[in-house]
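Have a look at query.cif; it's mmCIF, C-alpha atoms:
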```cif
data_query
loop_
_atom_site.label_atom_id
_atom_site.label_comp_id
_atom_site.auth_asym_id
_atom_site.auth_seq_id
_atom_site.Cartn_x
_atom_site.Cartn_y
_atom_site.Cartn_z
CA MET A 1 30.38 -11.42 7.27
CA ARG A 2 30.02 -14.90 5.81
CA LEU A 3 32.68 -17.53 5.55
CA ASP A 4 32.10 -18.49 1.93
CA ASP A 5 34.09 -18.81 -1.26
CA LYS A 6 33.04 -15.55 -2.91
CA TYR A 7 34.64 -13.02 -0.59
CA CYS A 8 37.86 -12.63 1.36
CA CYS A 9 37.08 -13.53 4.97
CA TYR A 10 39.01 -10.48 6.23
CA CYS A 11 38.69 -7.52 3.85
CA GLY A 12 35.50 -8.61 2.10
CA TYR A 13 37.07 -8.28 -1.35
CA LEU A 14 35.03 -10.05 -4.04
CA LEU A 15 37.29 -12.87 -5.20
CA GLY A 16 36.89 -12.80 -8.95
CA ASN A 17 39.44 -15.38 -10.03
CA LEU A 18 41.65 -18.11 -8.66
CA LYS A 19 44.81 -15.99 -8.94
CA GLU A 20 43.45 -13.73 -6.19
CA THR A 21 42.19 -16.52 -3.94
CA THR A 22 44.08 -18.42 -1.27
CA LYS A 23 43.00 -20.83 1.44
CA GLU A 24 43.68 -19.29 4.82
CA HIS A 25 44.23 -21.64 7.75
CA ILE A 26 42.22 -20.23 10.64
CA ILE A 27 44.64 -21.84 13.07
CA PRO A 28 47.97 -21.80 11.20
CA GLN A 29 49.53 -25.20 10.64
CA SER A 30 52.71 -23.88 12.25
CA LYS A 31 50.64 -23.44 15.44
CA GLY A 32 48.99 -26.85 15.39
CA GLY A 33 46.12 -26.19 12.98
CA ASN A 34 44.94 -29.09 10.86
CA ASN A 35 44.51 -29.14 7.08
CA LYS A 36 40.79 -29.99 7.11
CA TYR A 37 38.21 -27.85 5.34
CA ILE A 38 36.76 -26.61 8.64
CA ASN A 39 40.11 -24.93 9.38
CA LYS A 40 40.19 -23.13 6.03
CA VAL A 41 38.50 -20.03 4.70
CA HIS A 42 38.87 -18.17 1.42
CA CYS A 43 41.11 -15.17 1.60
CA CYS A 44 42.70 -12.77 -0.88
CA LYS A 45 46.47 -13.01 -1.29
CA SER A 46 46.95 -9.59 0.30
CA CYS A 47 45.21 -10.49 3.56
CA ASN A 48 46.77 -13.95 3.69
CA GLY A 49 50.22 -12.37 3.43
CA LEU A 50 49.28 -9.65 5.90
CA ARG A 51 48.16 -12.17 8.53
CA ASP A 52 50.94 -14.69 7.85
CA ASN A 53 50.83 -16.93 10.93
CA LEU A 54 49.87 -14.25 13.44
CA SER A 55 47.42 -14.91 16.24
CA PHE A 56 44.08 -13.14 15.88
CA GLU A 57 45.11 -10.68 18.59
CA SER A 58 48.38 -9.80 16.82
CA PHE A 59 46.64 -9.56 13.45
CA TYR A 60 43.97 -7.28 14.95
CA SER A 61 46.68 -5.03 16.42
CA LYS A 62 48.50 -4.94 13.09
CA VAL A 63 45.35 -3.82 11.25
CA GLU A 64 44.60 -1.26 13.98
CA THR A 65 48.10 0.18 13.49
CA MET A 66 47.56 0.32 9.73
CA MET A 67 44.28 2.15 10.30
CA ASN A 68 45.90 4.71 12.62
CA GLU A 69 48.87 5.38 10.36
CA ALA A 70 48.24 5.93 6.69
CA LYS A 71 46.02 4.31 4.11
CA VAL A 72 47.67 1.14 2.87
CA ARG A 73 46.95 -0.42 -0.52
CA ASN A 74 46.49 -4.14 -1.04
CA ASP A 75 47.91 -6.17 -3.93
CA MET A 76 44.95 -5.17 -6.11
CA GLY A 77 45.79 -1.49 -5.66
CA GLU A 78 42.81 -0.79 -3.45
CA TYR A 79 42.88 0.65 0.03
CA TYR A 80 42.28 -1.81 2.85
CA ASN A 81 38.96 -1.31 4.63
CA CYS A 82 40.60 -1.52 8.04
CA GLU A 83 37.44 -0.87 10.06
CA GLY A 84 35.62 -3.66 8.22
CA MET A 85 38.63 -5.92 8.60
CA LEU A 86 38.65 -5.48 12.38
CA GLU A 87 35.03 -6.63 12.55
CA ASN A 88 35.75 -9.59 10.26
CA ILE A 89 38.79 -10.65 12.29
CA LYS A 90 36.55 -10.75 15.38
CA TYR A 91 34.02 -12.86 13.46
CA VAL A 92 36.61 -15.41 12.28
CA LYS A 93 38.07 -15.55 15.81
CA GLU A 94 34.60 -16.25 17.24
CA TYR A 95 34.26 -19.11 14.76
CA ALA A 96 37.70 -20.44 15.77
CA ASP A 97 36.80 -20.21 19.47
CA LYS A 98 33.50 -22.00 18.85
CA MET A 99 35.16 -24.82 16.87
CA GLY A 100 38.00 -25.17 19.37
CA ASP A 101 40.02 -28.37 19.07
CA GLU A 102 38.22 -29.37 15.86
CA LEU A 103 40.60 -27.00 14.03
CA LYS A 104 43.73 -28.59 15.49
CA TYR A 105 45.58 -31.79 14.87
CA LYS A 106 44.69 -34.44 17.41
CA THR A 107 48.33 -35.44 17.50
CA ARG A 108 51.01 -33.33 15.92
CA PRO A 109 52.15 -34.85 12.58
CA SER A 110 55.85 -35.64 12.31
#
```

Show this structure as structure tokens.
Amino acid sequence: MRLDDKYCCYCGYLLGNLKETTKEHIIPQSKGGNNKYINKVHCCKSCNGLRDNLSFESFYSKVETMMNEAKVRNDMGEYYNCEGMLENIKYVKEYADKMGDELKYKTRPS
């Protein structure tokens, strides 16, 4: 998994146009994440909405539940690749752990 602008960082969907692409905050701003490029990855709208502002652990559990229940379609009408997503969530979390405080505001903006 690569953190680049061609694929969704979670499901691996090839992002063909800007309508499908969002900027996902690795550490959500609501949880102290900054708005710098190092705290953003490209993500499809479906995965961005699915994660919302969940922690990686909660997001992982949510995708595991989806995998164990029924197949769930994304906004593009395709089934989520839940097994691939679980691996990608781990990868993005490893990046977040490695970057640490660089992804957070030094002081919380008012």

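Residues in contact with A:Tyr13 at up to 10 Å, not including ones fewer than 2 positions away on its chain and judged by all atoms listed in the file, are Lys6, Tyr7, Cys8, Cys9, Tyr10, Cys11, Leu15, Gly16, Glu20, Cys43, Cys44, Cys47, Met76, Glu78, Tyr80 and Asn81 of chain A.
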
*Explicit residues for the PyMOL selection byres ((chain A and resi 49-56) around 10) (as a PyMOL selection string)*: chain A and resi 10+22+24-31+43-48+57-63+74-75+89-90+92-93+96

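Selection result for the displayed file, with the PyMOL selection byres ((chain A and resi 40) around 7) as criterion, is Lys23, Glu24, His25, Ile26, Lys36, Tyr37, Ile38, Asn39, Val41 and His42 of chain A.
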
Those selected residues, please, written with C-alpha atoms and delivered as a compact mmCIF listing (two decimals), keeping the file's coordinate frame.
```txt
# COMPACT_ATOMS: atom_id res chain seq x y z
CA LYS A 23 43.00 -20.83 1.44
CA GLU A 24 43.68 -19.29 4.82
CA HIS A 25 44.23 -21.64 7.75
CA ILE A 26 42.22 -20.23 10.64
CA LYS A 36 40.79 -29.99 7.11
CA TYR A 37 38.21 -27.85 5.34
CA ILE A 38 36.76 -26.61 8.64
CA ASN A 39 40.11 -24.93 9.38
CA VAL A 41 38.50 -20.03 4.70
CA HIS A 42 38.87 -18.17 1.42
```

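Shortest atom-to-atom contact with A:Asp101 among A:Gly12, A:Met67, A:Gly33, A:Cys82: A:Gly33, counting all atoms listed in the file.
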
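Atom pair atom CA of A:Glu102 / atom CA of A:Gly32: separated by 11.1 Å.
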
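Between atom CA of A:Leu103 and atom CA of A:Leu86 the separation is 21.7 Å.
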
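The spacing separating atom CA of A:Asn35 from atom CA of A:Thr21 amounts to 16.9 Å.
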